[in-house]
Structures are given as structure tokens and as C-alpha cells.
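One file, run_30.cif, is given below (mmCIF, C-alpha atoms).
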```
data_my_file
loop_
_atom_site.label_atom_id
_atom_site.label_comp_id
_atom_site.auth_asym_id
_atom_site.auth_seq_id
_atom_site.Cartn_x
_atom_site.Cartn_y
_atom_site.Cartn_z
CA MET A 1 -41.76 35.86 72.48
CA GLU A 2 -39.61 38.75 71.45
CA ASP A 3 -39.97 41.19 68.70
CA HIS A 4 -36.45 42.18 67.91
CA PRO A 5 -35.83 43.86 64.60
CA GLU A 6 -32.07 43.92 65.08
CA GLY A 7 -32.12 40.18 65.44
CA VAL A 8 -33.98 39.84 62.20
CA SER A 9 -31.63 42.05 60.25
CA LEU A 10 -28.68 40.26 61.77
CA ALA A 11 -30.07 36.93 60.67
CA ARG A 12 -30.39 38.35 57.19
CA ARG A 13 -26.85 39.69 57.19
CA ARG A 14 -25.57 36.37 58.45
CA ALA A 15 -27.47 34.62 55.73
CA GLU A 16 -25.87 36.84 53.15
CA ALA A 17 -22.45 36.25 54.66
CA GLY A 18 -23.16 32.52 54.53
CA ARG A 19 -23.90 32.76 50.83
CA VAL A 20 -20.65 34.51 50.15
CA ILE A 21 -18.70 32.00 52.17
CA SER A 22 -20.31 29.04 50.47
CA GLY A 23 -19.69 30.65 47.09
CA ILE A 24 -16.00 30.92 47.76
CA VAL A 25 -15.39 27.73 49.62
CA PHE A 26 -17.74 25.35 47.96
CA GLY A 27 -18.26 26.85 44.54
CA GLY A 28 -17.84 24.04 42.04
CA SER A 29 -17.47 21.43 44.73
CA GLU A 30 -19.72 18.43 44.84
CA MET A 31 -21.51 19.56 47.97
CA PRO A 32 -25.13 19.97 46.94
CA GLU A 33 -26.02 23.28 48.51
CA ARG A 34 -27.52 26.22 46.74
CA ASN A 35 -30.91 27.64 47.52
CA THR A 36 -31.25 28.14 51.26
CA PRO A 37 -28.46 30.32 52.55
CA GLN A 38 -28.47 29.00 56.11
CA LYS A 39 -27.26 25.47 55.55
CA THR A 40 -27.14 22.95 58.31
CA LEU A 41 -24.95 19.94 58.91
CA GLU A 42 -27.11 17.20 60.35
CA SER A 43 -24.83 14.80 62.16
CA TRP A 44 -21.41 14.44 63.75
CA LYS A 45 -20.39 12.69 60.56
CA GLN A 46 -21.36 15.68 58.40
CA ILE A 47 -19.79 18.17 60.79
CA ALA A 48 -16.57 16.11 60.81
CA ALA A 49 -16.56 15.85 57.02
CA TYR A 50 -17.15 19.58 56.69
CA LEU A 51 -14.12 20.33 58.85
CA ASP A 52 -12.13 17.48 57.33
CA ARG A 53 -11.43 15.94 60.73
CA SER A 54 -12.50 12.81 62.60
CA GLU A 55 -15.75 12.70 64.54
CA ARG A 56 -13.74 12.30 67.71
CA THR A 57 -11.83 15.50 67.01
CA VAL A 58 -14.89 17.61 66.31
CA ARG A 59 -16.60 16.29 69.45
CA ARG A 60 -13.53 17.34 71.41
CA TRP A 61 -13.59 20.75 69.74
CA GLU A 62 -17.17 21.14 70.83
CA ALA A 63 -16.37 20.23 74.43
CA ASN A 64 -13.14 22.19 74.72
CA GLU A 65 -13.01 24.89 72.11
CA GLY A 66 -16.53 26.09 71.67
CA LEU A 67 -17.31 24.57 68.28
CA PRO A 68 -20.94 25.68 67.86
CA VAL A 69 -23.06 22.51 67.75
CA HIS A 70 -26.80 22.47 68.45
CA ARG A 71 -29.09 19.72 69.65
CA ARG A 72 -32.60 18.64 68.85
CA GLU A 73 -34.52 16.91 71.55
CA HIS A 74 -35.99 13.51 70.76
CA GLU A 75 -37.61 10.83 72.85
CA LYS A 76 -34.67 8.44 72.89
CA GLN A 77 -31.57 10.35 71.97
CA ASP A 78 -30.87 13.92 70.97
CA THR A 79 -29.54 14.58 67.50
CA VAL A 80 -26.91 17.18 66.74
CA PHE A 81 -26.77 19.73 63.99
CA ALA A 82 -24.63 22.74 63.13
CA TYR A 83 -25.02 25.85 61.02
CA ARG A 84 -22.35 26.24 58.40
CA HIS A 85 -22.14 29.99 58.87
CA GLU A 86 -21.54 29.49 62.60
CA ILE A 87 -18.87 26.87 61.97
CA GLU A 88 -17.28 29.23 59.45
CA ALA A 89 -17.27 32.10 61.94
CA TRP A 90 -15.80 29.87 64.63
CA ASN A 91 -13.19 28.51 62.27
CA ARG A 92 -12.28 31.99 61.05
CA LEU A 93 -11.49 33.24 64.54
CA ARG A 94 -9.81 30.04 65.52
CA THR A 95 -7.60 29.50 62.50
CA ARG A 96 -6.14 32.93 62.61
CA CYS A 97 -5.16 32.75 66.22
CA PRO A 98 -5.66 29.50 68.06
CA GLY A 99 -6.09 29.17 71.79
CA PRO A 100 -8.65 30.39 74.30
CA THR A 101 -7.09 33.81 74.84
CA SER A 102 -7.00 34.73 71.20
CA VAL A 103 -10.21 36.68 70.83
CA SER A 104 -8.51 40.07 70.82
CA HIS A 105 -5.85 38.98 68.38
CA ALA A 106 -8.40 37.51 66.08
CA GLU A 107 -10.35 40.75 66.16
CA SER A 108 -7.37 42.95 65.52
CA LEU A 109 -6.52 40.92 62.42
CA PHE A 110 -9.79 41.86 60.81
CA THR A 111 -10.14 45.08 58.94
CA PRO A 112 -13.81 45.90 59.09
CA GLN A 113 -15.08 46.60 55.58
CA SER A 114 -18.34 48.14 56.72
CA ALA A 115 -20.44 48.77 59.77
CA GLY A 116 -22.24 45.51 59.07
CA ASN A 117 -19.03 43.48 59.11
CA ALA A 118 -17.76 45.22 62.23
CA TYR A 119 -20.98 44.28 63.95
CA LEU A 120 -20.63 40.65 62.91
CA ILE A 121 -17.07 40.51 64.22
CA GLU A 122 -18.23 41.72 67.65
CA HIS A 123 -21.20 39.38 67.53
CA ASP A 124 -19.01 36.41 66.70
CA ALA A 125 -16.49 37.34 69.39
CA ILE A 126 -19.31 37.49 71.96
CA THR A 127 -20.78 34.14 70.94
CA ARG A 128 -17.29 32.68 71.10
CA THR A 129 -16.94 33.84 74.70
CA MET A 130 -20.38 32.40 75.42
CA HIS A 131 -19.45 29.07 73.82
CA CYS A 132 -16.54 28.91 76.23
CA TYR A 133 -19.09 29.09 79.07
CA ILE A 134 -21.32 26.52 77.36
CA ALA A 135 -18.43 24.10 76.78
CA GLY A 136 -17.55 24.25 80.49
CA ALA A 137 -21.17 23.75 81.50
CA ARG A 138 -21.54 20.77 79.18
CA ALA A 139 -18.29 19.10 80.26
CA GLY A 140 -18.76 19.95 83.95
CA GLU A 141 -15.31 21.51 83.96
CA ALA A 142 -15.05 25.02 85.33
CA ASP A 143 -11.56 25.54 83.94
CA LEU A 144 -12.98 25.48 80.43
CA MET A 145 -15.24 28.44 81.18
CA ARG A 146 -12.90 30.54 83.33
CA PRO A 147 -11.43 32.45 80.36
CA ALA A 148 -14.95 33.67 79.53
CA PHE A 149 -15.27 35.62 82.79
CA HIS A 150 -13.81 38.86 84.09
CA PRO A 151 -11.85 38.21 87.32
CA SER A 152 -14.27 40.44 89.26
CA ALA A 153 -17.41 38.87 87.77
CA THR A 154 -20.38 38.16 90.01
CA ILE A 155 -23.58 36.13 89.82
CA SER A 156 -27.10 36.59 91.14
CA GLY A 157 -30.28 34.57 91.17
CA TYR A 158 -32.33 32.11 93.14
CA CYS A 159 -31.35 28.53 93.93
CA GLN A 160 -34.26 26.53 95.30
CA GLY A 161 -36.00 29.66 96.44
CA VAL A 162 -32.97 31.15 98.19
CA GLU A 163 -31.45 34.30 96.76
CA TYR A 164 -27.85 33.89 95.84
CA THR A 165 -25.50 36.76 95.04
CA GLY A 166 -21.75 36.47 95.06
CA SER A 167 -18.50 35.76 93.31
CA VAL A 168 -18.35 33.85 90.06
CA GLU A 169 -16.15 31.33 91.89
CA HIS A 170 -19.38 29.81 93.16
CA VAL A 171 -20.45 29.10 89.60
CA PHE A 172 -17.16 27.33 89.03
CA GLN A 173 -17.67 25.21 92.16
CA TRP A 174 -21.21 24.39 91.13
CA ILE A 175 -20.16 23.41 87.60
CA ASN A 176 -17.45 21.06 88.91
CA GLU A 177 -19.80 19.47 91.42
CA ASN A 178 -22.58 19.16 88.89
CA GLY A 179 -20.35 17.23 86.52
CA PRO A 180 -21.07 16.54 82.85
CA ALA A 181 -24.35 17.77 81.41
CA PRO A 182 -24.08 16.37 77.90
CA THR A 183 -27.71 17.01 77.00
CA ILE A 184 -27.81 20.78 77.58
CA ASN A 185 -29.37 22.65 74.74
CA PRO A 186 -28.38 26.32 74.84
CA CYS A 187 -30.05 28.88 72.62
CA PHE A 188 -29.18 32.54 72.15
CA ALA A 189 -32.47 34.31 72.70
CA ARG A 190 -30.95 37.77 72.32
CA ILE A 191 -27.60 39.47 71.91
CA GLU A 192 -27.46 43.24 72.20
CA ILE A 193 -24.21 45.12 71.71
CA ILE A 194 -23.60 48.76 72.60
CA GLU A 195 -19.98 49.53 71.68
CA SER A 196 -18.04 48.25 74.73
CA ILE A 197 -20.89 46.53 76.58
CA ALA A 198 -23.31 43.75 75.69
CA VAL A 199 -26.15 41.73 77.11
CA VAL A 200 -26.78 38.10 76.17
CA HIS A 201 -29.97 36.27 77.02
CA LEU A 202 -29.29 32.54 76.94
CA GLU A 203 -32.02 29.94 77.32
CA VAL A 204 -30.71 26.56 78.39
CA GLN A 205 -33.01 23.55 78.16
CA ASN A 206 -32.24 20.04 79.35
CA TRP A 207 -29.82 20.93 82.11
CA SER A 208 -28.67 17.75 83.79
CA GLY A 209 -26.05 16.64 86.28
CA LYS A 210 -25.65 15.83 89.95
CA LEU A 211 -26.99 19.18 91.14
CA ALA A 212 -29.21 20.22 88.26
CA GLY A 213 -31.19 16.98 88.18
CA ALA A 214 -32.73 16.15 84.84
CA ASN A 215 -34.38 18.27 82.15
CA ALA A 216 -34.03 21.50 84.10
CA HIS A 217 -34.58 24.78 82.31
CA ALA A 218 -32.59 27.93 83.09
CA SER A 219 -32.79 31.45 81.74
CA ASP A 220 -29.55 33.39 81.99
CA VAL A 221 -28.84 37.05 81.35
CA PHE A 222 -25.13 37.74 80.94
CA THR A 223 -23.59 41.19 80.87
CA LEU A 224 -20.30 41.46 79.00
CA LEU A 225 -17.61 44.10 78.82
CA LYS A 226 -15.01 44.46 76.12
CA CYS A 227 -11.73 44.55 78.08
CA ASN A 228 -8.52 45.11 76.14
CA GLY A 229 -10.24 43.90 73.01
CA GLU A 230 -11.72 40.76 74.57
CA TRP A 231 -15.32 40.21 75.57
CA LYS A 232 -15.56 39.05 79.18
CA ILE A 233 -18.64 38.15 81.21
CA THR A 234 -18.93 40.53 84.17
CA HIS A 235 -22.24 39.27 85.51
CA LYS A 236 -24.46 36.22 85.23
CA LEU A 237 -28.06 36.58 86.31
CA PHE A 238 -29.98 33.32 86.37
CA HIS A 239 -33.48 32.00 86.82
CA TRP A 240 -34.28 28.32 87.23
CA HIS A 241 -37.74 27.53 85.94
CA ASN A 242 -40.07 25.43 88.04
CA ARG A 243 -40.73 22.00 86.67
CA MET B 1 -47.46 35.79 84.07
CA THR B 2 -50.87 37.35 83.46
CA ASN B 3 -51.14 40.75 81.83
CA ASN B 4 -51.77 42.47 85.14
CA GLU B 5 -48.86 40.72 86.79
CA TYR B 6 -46.66 41.80 83.92
CA LEU B 7 -47.74 45.41 84.31
CA THR B 8 -47.07 45.29 88.05
CA GLU B 9 -43.56 43.93 87.52
CA TYR B 10 -42.90 46.36 84.69
CA ASP B 11 -44.02 49.35 86.77
CA GLN B 12 -41.87 48.33 89.72
CA ILE B 13 -38.84 47.94 87.46
CA VAL B 14 -39.44 51.36 85.91
CA GLN B 15 -39.81 52.86 89.41
CA ALA B 16 -36.39 51.47 90.36
CA MET B 17 -34.97 52.97 87.17
CA GLN B 18 -36.60 56.31 87.98
CA LYS B 19 -34.66 56.45 91.27
CA TYR B 20 -31.46 56.08 89.29
CA ILE B 21 -32.58 58.78 86.86
CA ASP B 22 -33.66 61.18 89.63
CA GLY B 23 -30.39 60.67 91.50
CA SER B 24 -28.44 61.32 88.30
CA LYS B 25 -30.37 64.48 87.53
CA GLN B 26 -30.01 65.94 91.01
CA GLY B 27 -26.46 64.71 91.54
CA LYS B 28 -27.43 62.89 94.73
CA SER B 29 -26.46 59.26 95.09
CA GLU B 30 -28.69 58.91 98.16
CA ILE B 31 -31.73 59.06 95.88
CA MET B 32 -30.59 56.15 93.72
CA ARG B 33 -28.99 53.97 96.42
CA PRO B 34 -32.29 52.33 97.49
CA ALA B 35 -32.76 51.08 93.92
CA PHE B 36 -29.49 49.12 94.08
CA HIS B 37 -28.98 45.69 95.60
CA PRO B 38 -26.42 45.86 98.47
CA GLU B 39 -24.12 43.60 96.45
CA ALA B 40 -24.68 45.28 93.11
CA SER B 41 -21.77 45.66 90.73
CA PHE B 42 -20.81 48.40 88.29
CA PHE B 43 -18.61 48.08 85.22
CA GLY B 44 -17.53 50.17 82.31
CA TYR B 45 -14.82 52.09 80.54
CA ALA B 46 -14.41 55.82 80.51
CA GLY B 47 -11.72 56.32 77.93
CA GLU B 48 -8.93 53.99 78.98
CA GLN B 49 -10.05 53.87 82.56
CA LEU B 50 -11.92 50.81 83.83
CA ALA B 51 -14.43 51.79 86.49
CA ILE B 52 -15.58 49.00 88.83
CA GLY B 53 -17.83 49.00 91.89
CA THR B 54 -21.00 50.86 92.87
CA GLN B 55 -18.98 53.05 95.25
CA PHE B 56 -17.28 54.51 92.19
CA LEU B 57 -20.69 55.25 90.70
CA PHE B 58 -22.11 56.85 93.86
CA ASP B 59 -19.00 58.98 94.40
CA TRP B 60 -19.08 60.04 90.79
CA ILE B 61 -22.76 61.04 90.94
CA ASP B 62 -22.16 63.13 94.10
CA LYS B 63 -19.06 64.84 92.70
CA ASN B 64 -20.63 65.42 89.33
CA GLY B 65 -23.49 67.35 90.90
CA PRO B 66 -26.72 68.32 89.16
CA ALA B 67 -27.24 67.34 85.53
CA PRO B 68 -30.55 69.06 84.94
CA ASN B 69 -30.65 68.57 81.18
CA ILE B 70 -30.32 64.82 80.94
CA GLU B 71 -32.74 63.17 78.55
CA PRO B 72 -33.28 59.61 79.73
CA ARG B 73 -35.12 57.01 77.64
CA ILE B 74 -35.86 53.46 78.68
CA VAL B 75 -35.20 51.60 75.42
CA SER B 76 -36.13 48.09 76.51
CA VAL B 77 -37.34 46.14 79.52
CA ASP B 78 -37.06 42.34 79.38
CA ILE B 79 -38.55 40.41 82.26
CA LEU B 80 -37.89 36.68 82.81
CA ASP B 81 -39.71 35.74 86.03
CA SER B 82 -37.29 36.75 88.80
CA ILE B 83 -34.74 38.56 86.62
CA ALA B 84 -34.85 41.50 84.23
CA ALA B 85 -32.63 43.45 81.83
CA VAL B 86 -33.15 47.14 81.05
CA ARG B 87 -31.44 49.27 78.45
CA LEU B 88 -31.32 52.96 79.25
CA GLU B 89 -30.08 55.69 76.95
CA VAL B 90 -29.24 59.03 78.52
CA ALA B 91 -28.43 61.99 76.31
CA GLY B 92 -27.31 65.42 77.47
CA TRP B 93 -25.18 64.42 80.45
CA SER B 94 -23.61 67.40 82.12
CA GLY B 95 -21.98 68.32 85.41
CA ASN B 96 -18.65 68.87 87.13
CA LEU B 97 -17.18 65.61 85.84
CA ALA B 98 -19.33 64.81 82.82
CA GLY B 99 -18.67 68.03 80.94
CA SER B 100 -21.59 68.76 78.68
CA GLY B 101 -23.78 67.08 76.11
CA VAL B 102 -22.38 63.59 76.66
CA ARG B 103 -24.36 60.46 75.86
CA MET B 104 -24.33 57.36 78.07
CA SER B 105 -25.74 53.92 77.23
CA ASP B 106 -26.52 51.68 80.17
CA LEU B 107 -27.40 48.02 80.54
CA PHE B 108 -29.01 47.34 83.88
CA THR B 109 -29.83 43.88 85.20
CA LEU B 110 -32.30 43.55 88.04
CA LEU B 111 -33.26 40.85 90.51
CA LYS B 112 -36.67 40.52 92.14
CA THR B 113 -36.12 40.40 95.88
CA ALA B 114 -38.34 40.39 98.97
CA ASN B 115 -37.85 44.18 98.98
CA GLY B 116 -38.84 44.64 95.36
CA TRP B 117 -36.85 44.83 92.16
CA LYS B 118 -33.23 45.82 92.78
CA ILE B 119 -30.50 46.76 90.31
CA ILE B 120 -27.86 44.05 90.57
CA GLN B 121 -25.58 45.41 87.89
CA LYS B 122 -25.06 48.51 85.80
CA ALA B 123 -22.78 48.31 82.79
CA PHE B 124 -22.21 51.52 80.89
CA HIS B 125 -20.72 52.82 77.71
CA TRP B 126 -19.62 56.44 77.77
CA HIS B 127 -19.87 57.91 74.28
CA ALA B 128 -17.01 60.37 74.67
CA ALA B 129 -13.87 59.14 72.98
CA GLY B 130 -10.78 59.60 75.05
CA GLN B 131 -12.54 61.54 77.76
CA ARG B 132 -11.84 60.40 81.28
CA LEU B 133 -14.64 59.86 83.75
CA ALA B 134 -12.53 61.34 86.53
CA ALA B 135 -13.75 60.79 90.06
#
```

Structure re-expressed in C-alpha cells:
Amino acid sequence: MEDHPEGVSLARRRAEAGRVISGIVFGGSEMPERNTPQKTLESWKQIAAYLDRSERTVRRWEANEGLPVHRREHEKQDTVFAYRHEIEAWNRLRTRCPGPTSVSHAESLFTPQSAGNAYLIEHDAITRTMHCYIAGARAGEADLMRPAFHPSATISGYCQGVEYTGSVEHVFQWINENGPAPTINPCFARIEIIESIAVVHLEVQNWSGKLAGANAHASDVFTLLKCNGEWKITHKLFHWHNR
Amino acid sequence: MTNNEYLTEYDQIVQAMQKYIDGSKQGKSEIMRPAFHPEASFFGYAGEQLAIGTQFLFDWIDKNGPAPNIEPRIVSVDILDSIAAVRLEVAGWSGNLAGSGVRMSDLFTLLKTANGWKIIQKAFHWHAAGQRLAA
């Protein structure tokens, strides 16, 4: 749908970063991974093994701490997978400074080696903020996503044909009332960063829950601001697609 | 969305943006106000100062006065049914508050309402290190 050269070059840079990481971490190990730079882990078992933790722990990390796990839709049950480079990026930020308010610390600990690396650090920090939102949406717990938002954040969009514009508190209420939406499948369609501001286009398939119903599809456009070194969502614009 | 529908939406979005651009150039917030949703928000940093709220923007535009040399470029327009995101680059900002030759990057989000496309948020980055956007 979109022709976005920056996205392409970013994917390439990420791929290169992934190669470097795998060279350092897995060089000489028994893990059979060489040719394709963007390696995937294809199950909870593999993700758990990769992080050297139990499956239960990595599932909790996904729900509570934004561990980037993706889903493929199947007829009976969705399967999960994860990109190693995304897990690495998540782990990097997390290990250096644990906790949900650590984005700025994590960033300040990095010394950007080049413009490309500096861009990746911002990109990763933004996706980390977004994963905080996603984790809250999936668990149906607004408190998980609160740290992702600026206190003055607002939302706009249509709910069942009625325009809604107001405080982000209404999102939090909705999320709590909607409850768990374990099947949501979020996908970053676009991330654009201009120094202190950014826009993220998130496509979410398979929304479920008490209010969302089943298999709903939402397009969200988030605007973010870098406040005191941390990326915070200042606005969420949403569109629910007709079924 | 058919091609013609897309063009109609695109043109209406660009018209809303043009009101913002015209108001900026003439230093008159009244020109751009109709393009904004009544509950629109405004966010950004000018140096260390966090500017929030469209009233800040409108006051700033009026106090800044004419900026006849601005060079606006609409870099991207993304439309997703009832919502849209626009990136605007403006070079050559000048005026009482802006100083001269300053560049501003803006991310606008818009909502399609019964009264047409309205700007629901403007986020900006002021490319002038350490310079305050006094208002």
C-alpha cells in the first residue's frame, strides 16, 4: 500500500544490525542460523529458549513488558513468532535499565556511533513505547499502557458512527471494560521520526473483547513527542473498519 | 476508495492545510482557525519550553505577525478512511517571534467530520537549537 523508501532502508539497516548481533552472540554456538539476516523464532518454546527463560516468563514479559511477539492467523489457533533483532533491541533497552520508566535512561546510556545508530535508538525507543500500549490492549489492563501516554494526551475518531474526541482517560476506561484481547495482531505500518516528534501508523487486526466484538480491524495513527528523553503518545487517532 | 474519491479527500485535506499556511504567512490566526477541530491539540518543544494547546499556537501566530517568505512543502499525505496524517515542512520562518530563516517540521493529524476535514492535532519540531518560541 505504501511506498516508503525510509522504511526500506531501515529494514536493511536492521538486517545488518541483526547480522552483527548474531555474529557476536551466537558465533560458534550450535544455533543453526547463517544466511538470512532477519531470523525468526517460531514458537513460545523457541522464544523462551532464546531468552533462556521459561515459557511462562516470556509470556508474562509479552503481556507486561512489551516483549515484541507477533502472531500469524490460522483457522483454529494463532501461532506466535518473534524476530531476533526485535528481541535483541528490546532486551538491550531492558537489561540496561529495567522498568517501564526507563526509556530515557536506556537512551542516555547509548553513545550513538553514527547517524544510522542514533536513528535506530529512537526507532527502538518509539516501538518500546508502542509495545507498552499494545501490552495493555492485549491484557485489557489500562495501567499497563498508561506510561506510554503524555498526561495531556487526547484521542479522536469514530465509534459506531459517532465522532469521539476527548481525553485519553476514555481509552483507559474502554480498555478496562473491553477486557483481554489475546488475539490482537498489531503491525507497524509506518514510523516516521522528525527529531522530537514522530508519527506511528499501527494496523491492528483481530481485535476482540467485550466491546470490540470479534475479529475487528482498527487503524490507528499515533503522534508522539520526546519529553525529557522519553517518547510519549500525545494523540491517538483511530478508525474502526466496517466488517 | 475509488480514484476520484481519493482525489476529493486529498484535495479537501490540502485545502485545510492551505488555511494553516495562509494564516502563518499573513500572521493571522483567524485564517487558520476554521481548519482546526474545536478540540484540536498542539504539542511541541521550542528549546526547553513545552508548548501545549491550540490557543498557544493562535496567540503565537498573531504575535509573530507576517512571515512572507515561508516556503511550505507538503511532504506526505496519508489517508485511512476517516483519518489522515500530513507532514509539512516549512522553511524560511520569520516574524516578530520566529526571528529569521527558521525551519519548522510539522506532523498534522486530521479527522473527517460532517464539516469537512479538520486538523485534530499539530505536533511540531522547531529546528532552532536553544531558541525559545516566546509568546

Quiz item: Any idea which chain B residues end up within 9 Å of chain A if we count all atoms listed in the file, as number ranges by chain please?
Solution: B: 39-41, 43-45, 50, 52, 80-85, 105-113, 120-127

Quiz item: Within 10 Å of (-17.6, 20.1, 86.6), in the coordinates the file gives, what residues turn up when you count all atoms listed in the file, written out as a VMD selection string?
Solution: chain A and resid 136 to 144 171 to 181 209 to 210

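A straight line drawn from CA of Asn206 (chain A) to CA of Ile184 (chain A) is 4.8 Å long.
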
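When CA of Glu89 (chain B) is paired with CA of Ala67 (chain B), their separation reads 14.7 Å.
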
Self-check item: Cut-off 10 Å around (-20.7, 22.5, 63.1) with only C-alpha atoms: residues as a PyMOL selection string
Solution: chain A and resi 40-44+46-51+58-59+61-62+67-70+80-88+90-91

Write the selection just made, keeping C-alpha atoms, as a compact mmCIF listing (two decimals), in the frame of the given file?
```txt
# COMPACT_ATOMS: atom_id res chain seq x y z
CA THR A 40 -27.14 22.95 58.31
CA LEU A 41 -24.95 19.94 58.91
CA GLU A 42 -27.11 17.20 60.35
CA SER A 43 -24.83 14.80 62.16
CA TRP A 44 -21.41 14.44 63.75
CA GLN A 46 -21.36 15.68 58.40
CA ILE A 47 -19.79 18.17 60.79
CA ALA A 48 -16.57 16.11 60.81
CA ALA A 49 -16.56 15.85 57.02
CA TYR A 50 -17.15 19.58 56.69
CA LEU A 51 -14.12 20.33 58.85
CA VAL A 58 -14.89 17.61 66.31
CA ARG A 59 -16.60 16.29 69.45
CA TRP A 61 -13.59 20.75 69.74
CA GLU A 62 -17.17 21.14 70.83
CA LEU A 67 -17.31 24.57 68.28
CA PRO A 68 -20.94 25.68 67.86
CA VAL A 69 -23.06 22.51 67.75
CA HIS A 70 -26.80 22.47 68.45
CA VAL A 80 -26.91 17.18 66.74
CA PHE A 81 -26.77 19.73 63.99
CA ALA A 82 -24.63 22.74 63.13
CA TYR A 83 -25.02 25.85 61.02
CA ARG A 84 -22.35 26.24 58.40
CA HIS A 85 -22.14 29.99 58.87
CA GLU A 86 -21.54 29.49 62.60
CA ILE A 87 -18.87 26.87 61.97
CA GLU A 88 -17.28 29.23 59.45
CA TRP A 90 -15.80 29.87 64.63
CA ASN A 91 -13.19 28.51 62.27
```

Self-check item: Residues near Glu5 (chain B), cut-off 12 Å, only C-alpha atoms, skip fewer than 5 positions along chain, as JSON, numbers by chain
Solution: {"B": [10, 11, 12, 79, 81]}

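Pairwise distance (CA of Asn64 (chain B), CA of Val90 (chain B)) equals 15.2 Å.
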
Practice problem: Might you pull out every residue within 10 Å of Val102 (chain B), with only C-alpha atoms counted and same-chain residues fewer than 3 positions away left off, and present them as an NGL selection string? | Solution: :B and (70 or 90-95 or 98-99 or 126-128)

Report as a CSV table (one decimal) with C-alpha atoms, in the coordinates of the input the full result of the PyMOL selection byres ((chain A and resi 203) around 7) when it is applied to this structure.
```
chain,number,residue,atom,x,y,z
A,186,PRO,CA,-28.4,26.3,74.8
A,187,CYS,CA,-30.0,28.9,72.6
A,188,PHE,CA,-29.2,32.5,72.2
A,189,ALA,CA,-32.5,34.3,72.7
A,201,HIS,CA,-30.0,36.3,77.0
A,202,LEU,CA,-29.3,32.5,76.9
A,204,VAL,CA,-30.7,26.6,78.4
A,205,GLN,CA,-33.0,23.6,78.2
A,218,ALA,CA,-32.6,27.9,83.1
A,219,SER,CA,-32.8,31.4,81.7
A,220,ASP,CA,-29.6,33.4,82.0
```

Self-check item: Contact residues around Val75 (chain B) with only C-alpha atoms at 8 Å, ignoring same-chain residues under 4 positions, as a PyMOL selection string
Solution: chain B and resi 86-89

Practice problem: Do a neighbour search on Gly23 (chain B) at 9 Å with all atoms listed in the file, toss out local chain neighbours closer than 5 positions, and write the hits as a ChimeraX atom specification. | Solution: /B:18,28-33,61-62,66

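Of the residues under consideration (A:Ile233, A:Ala148, A:Ala89, A:Ala216), A:Ala89 shows the shortest atom-to-atom contact distance to Ile121 (chain A) when counting all atoms listed in the file.
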